[in-house]
Each structure stands twice: as C-alpha cells, then as structure tokens.
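Below is one structure; the comments refer to it alone.
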Amino acid sequence: MTQFRTYMPLALEQARAAGLRGEVPVGAVIVSESGVVVASAGNRTRELRDPTAHAEMLAIRAACLTLGQERLGGHDLYVTLEPCPMCAMAISHARIRRLYFGAADPKSGGVMQGPRIFTHGQCHHAPEVYDGMDADESQVLLQDFFARLR
C-alpha cells in the first residue's frame with residue numbers, strides 16, 4: 001500500500017507569503033508523480049498588474065518552463081482555494097493528473113461551483129478532483145485577509 005503525502009502545507013506557505021505581499025492569500029504547488037515539487041507560487045495579480053497572475057496560472061507556467069513542455073500529465077496540483085473558471089481551463093489544457101484544493105469558492109469557483117468546467121462537454125481533459133483538503137486553514141487565511149481590508 002502506498003502512503004499518501006499531501007503537499008498542501010507548501011501551498012499554504014505560498015498563500016501566507018502572498019497575503020504578506022498584499023495579495024489575496026492563495027498558494028499553489030505542482031508535484032511530479034515521483035513526489036518532486038516542480039513549481040510553487042502565490043497570487044501576484046497586484047504586484048504584476050496582471051489579472052491572470054493567479055497562483056495556479058503562475059505555478060503551471062513555471063512548471064512548463066522548468067520541464068520544457070506545455071503539458072503536465074502525471075503531475076498533481078495542490079491549491080488552497082477552488083480554482084476559478086480561467087484556472088480550471090488552464091488545468092485542463094495542461095493535462096494536470098490530479099487537483100487537490102482547500103477552501104470552496106462559492107462566489108468565483110469553477111470546479112465544484114459555478115460553471116463546473118471539468119463536467120462541460122467541451123472540456124478535453126478533467127483531472128481527478130479532491131476538495132476540502134486543509135479547507136479550514138485555507139478559509140481562515142482568506143477571511144483574515146478580507147477582514148483586515150474592511
């Protein structure tokens with residue numbers, strides 16, 4: 001029996017770092033089949049003045065550059081918040097094997113909420129999806145961040 005290892009603590013580190021930079025605290029980590037962390041990132045939309053600079057997008061871009069390929073089959077993505085529709089499509093196009101995410105996003109989610117990208121007929125690849133991983137800690141990071149803004 002193989003032992004399951006979660007990389008969500010690394011994604012939470014990226015989320016905390018993003019929050020300290022004044023970004024919405026979301027973090028992502030991409031891991032190979034053999035358990036090697038290939039890329040990690042936190043949100044940088046404000047810093048880069050780029051609405052697509054979500055943690056997942058940055059991690060996918062970095063992993064593809066590192067590996068010299070546009071597909072990430074055999075790789076898993078850990079992210080602290082349910083991906084939005086844009087990120088869900090990028091996950092599909094990158095052929096990510098498994099998606100693990102923390103907090104649900106009823107307002108902007110695109111996986112279990114809203115458009116449910118991976119169930120759409122035009123979605124060419126749907127990863128295995130595991131939700132709710134370290135959801136409480138992910139949710140608290142987000143709630144604390146937005147409470148400070150008010």
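By order in the structure tokens, chains are A, B, ...; within a chain, residues start at 1; ligands start at 1, following the order shown.
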
DSSP on the backbone: what in chain A comes out helix (DSSP H, G or I), as an MDAnalysis selection string?
-> chainID A and resid 8:20 45:48 55:67 85:94 117:119 135:149

Each residue of stretch 13-82 of chain A lying at most 7 Å from stretch 93-108 of chain A should get a row with its shortest atom-to-atom pair and the distance in Å to one decimal, counting only C-alpha atoms; could you produce that, ordered by chain and increasing number, as CSV?
```
residue,atom,partner,partner_atom,distance
A:Glu70,CA,A:Ala94,CA,6.5
A:Arg71,CA,A:Ala94,CA,4.5
A:Leu72,CA,A:Ile96,CA,5.4
A:Gly73,CA,A:Arg95,CA,5.1
A:Gly74,CA,A:Arg97,CA,5.3
A:His75,CA,A:Arg97,CA,5.4
A:Asp76,CA,A:Arg98,CA,4.7
A:Leu77,CA,A:Leu99,CA,5.0
A:Tyr78,CA,A:Tyr100,CA,4.8
A:Val79,CA,A:Phe101,CA,4.8
A:Thr80,CA,A:Gly102,CA,4.5
A:Leu81,CA,A:Ala103,CA,4.8
A:Glu82,CA,A:Ala104,CA,5.2
```

Pick the closest to A:Leu20 from A:Asn43, A:Ser138, A:Thr6, A:Gln122: which is it, counting only C-alpha atoms?
->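 So, comparing all the options, the nearest one is A:Asn43.
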
Please identify all polymer residues within 12 Å of A:Leu67, counting only C-alpha atoms, omitting same-chain residues fewer than 5 positions from it, and present them as number ranges by chain.
-> A: 30-32, 37-39, 60-62, 72-73, 75

Please produce a file of those selected residues containing C-alpha atoms, as a PDB file, in the first residue's frame.
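Written file, selection.pdb:
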```
ATOM      1  CA  ILE A  30       2.777  21.331  -8.691  1.00  0.00           C
ATOM      2  CA  VAL A  31       4.245  17.924  -7.873  1.00  0.00           C
ATOM      3  CA  SER A  32       5.522  15.178 -10.179  1.00  0.00           C
ATOM      4  CA  VAL A  37       7.949  19.705  -6.251  1.00  0.00           C
ATOM      5  CA  VAL A  38       8.302  21.151  -9.752  1.00  0.00           C
ATOM      6  CA  ALA A  39       6.836  24.622  -9.133  1.00  0.00           C
ATOM      7  CA  ILE A  60       1.577  25.976 -14.298  1.00  0.00           C
ATOM      8  CA  ARG A  61       3.703  28.432 -16.300  1.00  0.00           C
ATOM      9  CA  ALA A  62       6.749  27.810 -14.085  1.00  0.00           C
ATOM     10  CA  LEU A  72       1.860  18.351 -17.240  1.00  0.00           C
ATOM     11  CA  GLY A  73       0.394  14.855 -17.447  1.00  0.00           C
ATOM     12  CA  HIS A  75       1.608  15.938 -12.268  1.00  0.00           C
TER      13      HIS A  75
END
```

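Running DSSP on the backbone and keeping only strand (DSSP E), the residues of stretch 3-130 of chain A that qualify are Gly27, Ala28, Val29, Ile30, Val31, Val37, Val38, Ala39, Ser40, Ala41, Gly42, Asp76, Leu77, Tyr78, Val79, Thr80, Leu81, Arg98, Leu99, Tyr100, Phe101, Gly102, Ala103, Glu128, Val129 and Tyr130 of chain A.
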
Quick one: residues within 12 Å of A:Thr119, only C-alpha atoms counted, chain neighbours fewer than 2 positions away excluded, as a list in words?
-> Pro85, Ala88, Met89, Ser92, Gly110, Val111, Met112, Gln113, Gly114, Pro115, Arg116, Ile117, Gly121, Gln122, Cys123, His124, His125, Ala126, Pro127, Glu128 and Val129 of chain A

Hey, can you spit out that residue selection with all heavy atoms as a compact mmCIF listing (two decimals), in the first residue's frame?
```txt
# COMPACT_ATOMS: atom_id res chain seq x y z
N PRO A 85 -12.86 29.66 -13.02
CA PRO A 85 -13.01 29.07 -14.36
C PRO A 85 -11.76 29.22 -15.24
O PRO A 85 -11.40 28.27 -15.96
CB PRO A 85 -14.21 29.82 -14.95
CG PRO A 85 -15.02 30.21 -13.76
CD PRO A 85 -13.99 30.54 -12.70
N ALA A 88 -9.26 26.71 -14.00
CA ALA A 88 -9.73 25.36 -14.28
C ALA A 88 -9.46 25.00 -15.74
O ALA A 88 -9.03 23.87 -16.04
CB ALA A 88 -11.22 25.23 -13.95
N MET A 89 -9.69 25.93 -16.65
CA MET A 89 -9.40 25.65 -18.07
C MET A 89 -7.90 25.45 -18.30
O MET A 89 -7.50 24.57 -19.06
CB MET A 89 -9.93 26.77 -18.96
CG MET A 89 -11.43 26.69 -19.20
SD MET A 89 -12.01 25.09 -19.84
CE MET A 89 -11.17 25.00 -21.41
N SER A 92 -7.03 22.04 -17.21
CA SER A 92 -7.46 21.08 -18.23
C SER A 92 -6.49 21.07 -19.40
O SER A 92 -6.04 20.00 -19.84
CB SER A 92 -8.86 21.44 -18.71
OG SER A 92 -9.25 20.59 -19.77
N GLY A 110 -14.80 27.52 -10.15
CA GLY A 110 -15.15 26.99 -11.46
C GLY A 110 -15.07 25.47 -11.53
O GLY A 110 -15.17 24.91 -12.62
N VAL A 111 -14.89 24.82 -10.37
CA VAL A 111 -14.74 23.37 -10.36
C VAL A 111 -15.97 22.69 -9.76
O VAL A 111 -16.66 21.93 -10.42
CB VAL A 111 -13.46 22.95 -9.60
CG1 VAL A 111 -13.33 21.44 -9.51
CG2 VAL A 111 -12.23 23.54 -10.27
N MET A 112 -16.27 22.99 -8.51
CA MET A 112 -17.42 22.42 -7.83
C MET A 112 -18.59 23.41 -7.79
O MET A 112 -19.71 23.04 -7.53
CB MET A 112 -17.07 22.02 -6.39
CG MET A 112 -15.86 21.11 -6.28
SD MET A 112 -16.05 19.54 -7.12
CE MET A 112 -16.80 18.58 -5.85
N GLN A 113 -18.28 24.68 -8.03
CA GLN A 113 -19.27 25.76 -8.02
C GLN A 113 -19.39 26.30 -9.45
O GLN A 113 -18.64 25.93 -10.33
CB GLN A 113 -18.80 26.91 -7.11
CG GLN A 113 -18.13 26.52 -5.83
CD GLN A 113 -19.10 26.00 -4.79
OE1 GLN A 113 -20.21 26.49 -4.68
NE2 GLN A 113 -18.69 25.01 -4.04
N GLY A 114 -20.30 27.22 -9.63
CA GLY A 114 -20.40 27.94 -10.89
C GLY A 114 -20.45 27.04 -12.11
O GLY A 114 -21.23 26.11 -12.17
N PRO A 115 -19.58 27.31 -13.11
CA PRO A 115 -19.68 26.60 -14.38
C PRO A 115 -19.20 25.15 -14.36
O PRO A 115 -19.42 24.43 -15.32
CB PRO A 115 -18.81 27.44 -15.32
CG PRO A 115 -17.85 28.11 -14.44
CD PRO A 115 -18.58 28.37 -13.14
N ARG A 116 -18.53 24.73 -13.31
CA ARG A 116 -18.06 23.33 -13.20
C ARG A 116 -17.37 22.90 -14.50
O ARG A 116 -17.82 21.99 -15.21
CB ARG A 116 -19.20 22.41 -12.82
CG ARG A 116 -19.80 22.80 -11.50
CD ARG A 116 -20.97 21.95 -11.10
NE ARG A 116 -21.54 22.52 -9.89
CZ ARG A 116 -22.28 21.86 -9.05
NH1 ARG A 116 -22.56 20.60 -9.26
NH2 ARG A 116 -22.75 22.46 -7.97
N ILE A 117 -16.30 23.56 -14.77
CA ILE A 117 -15.56 23.42 -16.04
C ILE A 117 -15.29 21.97 -16.43
O ILE A 117 -15.45 21.59 -17.59
CB ILE A 117 -14.25 24.23 -15.99
CG1 ILE A 117 -14.52 25.73 -15.86
CG2 ILE A 117 -13.33 23.90 -17.16
CD1 ILE A 117 -15.25 26.34 -17.03
N GLY A 121 -19.05 19.67 -21.65
CA GLY A 121 -18.80 18.83 -22.83
C GLY A 121 -17.61 19.25 -23.66
O GLY A 121 -17.02 18.43 -24.36
N GLN A 122 -17.23 20.52 -23.62
CA GLN A 122 -16.08 20.99 -24.39
C GLN A 122 -14.76 20.90 -23.63
O GLN A 122 -13.73 21.29 -24.16
CB GLN A 122 -16.32 22.42 -24.86
CG GLN A 122 -17.41 22.48 -25.92
CD GLN A 122 -17.67 23.89 -26.37
OE1 GLN A 122 -17.79 24.80 -25.56
NE2 GLN A 122 -17.78 24.09 -27.67
N CYS A 123 -14.79 20.40 -22.43
CA CYS A 123 -13.56 20.22 -21.65
C CYS A 123 -12.88 18.94 -22.14
O CYS A 123 -13.46 17.86 -22.08
CB CYS A 123 -13.89 20.12 -20.16
SG CYS A 123 -12.46 19.90 -19.12
N HIS A 124 -11.67 19.06 -22.66
CA HIS A 124 -10.97 17.93 -23.25
C HIS A 124 -10.30 17.02 -22.23
O HIS A 124 -10.02 15.86 -22.52
CB HIS A 124 -9.92 18.41 -24.25
CG HIS A 124 -10.53 19.14 -25.40
ND1 HIS A 124 -11.34 18.52 -26.33
CD2 HIS A 124 -10.47 20.44 -25.75
CE1 HIS A 124 -11.74 19.41 -27.22
NE2 HIS A 124 -11.24 20.59 -26.89
N HIS A 125 -10.00 17.54 -21.05
CA HIS A 125 -9.35 16.74 -20.01
C HIS A 125 -9.86 17.18 -18.65
O HIS A 125 -9.88 18.37 -18.36
CB HIS A 125 -7.83 16.92 -20.06
CG HIS A 125 -7.13 16.33 -18.88
ND1 HIS A 125 -6.91 14.98 -18.75
CD2 HIS A 125 -6.67 16.90 -17.74
CE1 HIS A 125 -6.30 14.75 -17.59
NE2 HIS A 125 -6.15 15.90 -16.96
N ALA A 126 -10.25 16.24 -17.84
CA ALA A 126 -10.68 16.53 -16.48
C ALA A 126 -9.78 15.77 -15.51
O ALA A 126 -9.67 14.54 -15.60
CB ALA A 126 -12.13 16.11 -16.27
N PRO A 127 -9.13 16.48 -14.61
CA PRO A 127 -8.29 15.79 -13.63
C PRO A 127 -9.17 15.12 -12.58
O PRO A 127 -10.35 15.43 -12.46
CB PRO A 127 -7.50 16.94 -13.00
CG PRO A 127 -8.43 18.10 -13.08
CD PRO A 127 -9.16 17.93 -14.39
N GLU A 128 -8.57 14.21 -11.83
CA GLU A 128 -9.24 13.72 -10.63
C GLU A 128 -9.27 14.91 -9.68
O GLU A 128 -8.29 15.64 -9.57
CB GLU A 128 -8.46 12.59 -9.98
CG GLU A 128 -8.39 11.32 -10.78
CD GLU A 128 -7.49 10.28 -10.11
OE1 GLU A 128 -7.44 10.24 -8.86
OE2 GLU A 128 -6.83 9.54 -10.84
N VAL A 129 -10.39 15.11 -8.99
CA VAL A 129 -10.53 16.27 -8.11
C VAL A 129 -10.78 15.81 -6.68
O VAL A 129 -11.64 14.97 -6.44
CB VAL A 129 -11.68 17.20 -8.56
CG1 VAL A 129 -11.87 18.35 -7.59
CG2 VAL A 129 -11.43 17.71 -9.97
```

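With only C-alpha atoms as the atoms that count, the minimum distance from A:Arg16 to the choices A:Asp144, A:Glu56, A:Asp136, A:Asp131 is reached by A:Asp144.
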
At what distance in Å, to one decimal, does atom CA of A:Ser34 lie from atom CA of A:His54?
->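 Between atom CA of A:His54 and atom CA of A:Ser34 the gap is 25.4 Å.
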
Counting only C-alpha atoms, what is within 9 Å of A:Thr52, bar same-chain residues fewer than 6 positions away, as an NGL selection string?
-> :A and (44-45 or 58 or 86-87)

Expected file: the selected residues, C-alpha atoms, as a compact mmCIF listing (two decimals), in the first residue's frame:
```
# COMPACT_ATOMS: atom_id res chain seq x y z
CA ARG A 44 0.72 38.08 -7.78
CA THR A 45 -2.09 39.90 -9.60
CA LEU A 58 1.92 31.06 -12.25
CA MET A 86 -9.89 30.56 -16.00
CA CYS A 87 -7.57 28.45 -13.87
```

Between atom CA of A:Val26 and atom CA of A:Ala90, what is the spacing in Å?
-> 16.4 Å

Got a sec: who's within 9 Å of A:Pro9, counting only C-alpha atoms, leaving out chain neighbours fewer than 4 positions off, as a PyMOL selection string?
-> chain A and resi 13-14+134

Mind pulling up the distance from atom CA of A:Ala53 to atom CA of A:Gly68?
->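 These atoms are spaced 20.1 Å apart.
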